[in-house]
Number of protein chains: 2
Amino acid sequence: MLAELRRPERTFTIRQLCQEFKVTPRALRFYEDKGLLAPSRDGMNRVYSYKDRARLQLILRGKRVGLPLAEIRDILELYGAEDGPVMQSAHSLKRFRQRISEMEQQREDIDQAISELKTACERLEKQLAEVRPDLLPRAEDYDQMLRARLDGHTYPLSAK
Amino acid sequence: MLAELRRPERTFTIRQLCQEFKVTPRALRFYEDKGLLAPSRDGMNRVYSYKDRARLQLILRGKRVGLPLAEIRDILELYGAEDGPVMQSAHSLKRFRQRISEMEQQREDIDQAISELKTACERLEKQLAEVRPDLLPRAEDYDQMLRARLDGHTYPLSAK
DNA sequence: CCTTGCGTTGACGCTAACGTAAAGGGAATA
DNA sequence: TATTCCCTTTACGTTAGCGTCAACGCAAGG
């Protein structure tokens, strides 16, 4: 009984999660409809637990790297199922390994794209500096650049 | 006149590019329709140059990292335009910088996802080893892994 | 001449991932 | 009591990115 006041006892309304993660209620209900979330209910209303919140984080991360919801759902199931028919697990294993190598490829693509976009931006900036120096990025923008850079590898928390 | 026989004189039919990059003619025409490609013509027929091929590579890479075609088109225009209205370039510059930091975020997400998927796979594999060792990956699968790794930067992946 | 094969341009179809009302329940507040 | 929120479900609308015919042109081969 004492152990239960840990912390993860907190729950969330749909609005709270939506504001925190910048998504719409429609999206959350949609994910639920597709089997990615399964919040409990208080009467009619949805009640999201800490675990649900964690799942939502995973869902959104999956989305950012371009996974379709169906894939994300499969991955989430993998996390929550030590059980289940083993044959299916064996099959999942293959697919996940494949996913991994795909994502490694994707990582390379991103690195490439980033560096190319960077050099292209520099070129554009130089050209702009010659013709219209007044249009160049100012303090405001550098501020944003710095924040991005610092958040990058100093604060592993980020997630916004 | 002598300089013109460099190499990039080679051209490609729509089929050739499609086979090389594992896309359909429909896709190429679609990209053209959306302003991402502009091959020359031999009568009615499309003739793709080396530059067109290069653009296609960029398009596909963009797709793999999750960029919408419209974004990719803008980026491609950035590469080919020293000219154009400067004001627009100034605006583009901001957007591209933003894109860059988005993609850096995306890179982190992918790294996270990869390592999580890897540990999940290992867990699953161990569990499988105890119950059904006969279902574990065999030579065949390693073969496929190797191929994936080697082909890595030659072939796209898609998710169909 | 006719088929085979690769090319073309519409035009309609389809899936994913939501957006956007429409219509209503239940609680708190004016 | 009436208004105001926040929640619910059902259902149709929308956008991106092609897939899939349909109908036709042209060139080579049998």
# chains A, B, ... in the order shown; residues from 1 in each chain; ligands from 1
call {"tool": "closest_atom_pairs", "arguments": {"of": "chain C", "to": "chain A", "cutoff": "12 Å", "atoms": "only C-alpha atoms (C1' of nucleotides)", "output": "JSON lines"}}
result
{"residue": "C:DT15", "atom": "C1'", "partner": "A:Pro68", "partner_atom": "CA", "distance": 11.5}
{"residue": "C:DA16", "atom": "C1'", "partner": "A:Pro68", "partner_atom": "CA", "distance": 8.2}
{"residue": "C:DA17", "atom": "C1'", "partner": "A:Ala27", "partner_atom": "CA", "distance": 8.3}
{"residue": "C:DC18", "atom": "C1'", "partner": "A:Ala27", "partner_atom": "CA", "distance": 6.5}
{"residue": "C:DG19", "atom": "C1'", "partner": "A:Arg26", "partner_atom": "CA", "distance": 8.3}
{"residue": "C:DT20", "atom": "C1'", "partner": "A:Arg26", "partner_atom": "CA", "distance": 10.1}
{"residue": "C:DG25", "atom": "C1'", "partner": "A:Met44", "partner_atom": "CA", "distance": 9.2}
{"residue": "C:DG26", "atom": "C1'", "partner": "A:Met44", "partner_atom": "CA", "distance": 10.0}
call {"tool": "interface_residues", "arguments": {"of": "chain D", "to": "chain B", "cutoff": "9 Å", "atoms": "only C-alpha atoms (C1' of nucleotides)", "output": "list in words"}}
result
DA16, DG17, DC18 and DG19 of chain D
call {"tool": "residues_around", "arguments": {"residues": "Pro25 of chain A", "least_positions_apart": "3", "cutoff": "7 Å", "atoms": "only C-alpha atoms (C1' of nucleotides)", "output": "PyMOL selection string"}}
result
chain A and resi 14-15+18+28-29
call {"tool": "residues_around", "arguments": {"residues": "Tyr48 of chain A", "least_positions_apart": "5", "cutoff": "12 Å", "atoms": "only C-alpha atoms (C1' of nucleotides)", "output": "MDAnalysis selection string"}}
result
chainID A and resid 8:18 28:29 32 37:42 53:56
call {"tool": "select_by_dssp", "arguments": {"residues": "segment 15-109 of chain A", "states": "alpha helix (DSSP H)", "output": "PyMOL selection string"}}
result
chain A and resi 15-21+25-33+50-64+69-80+86-109
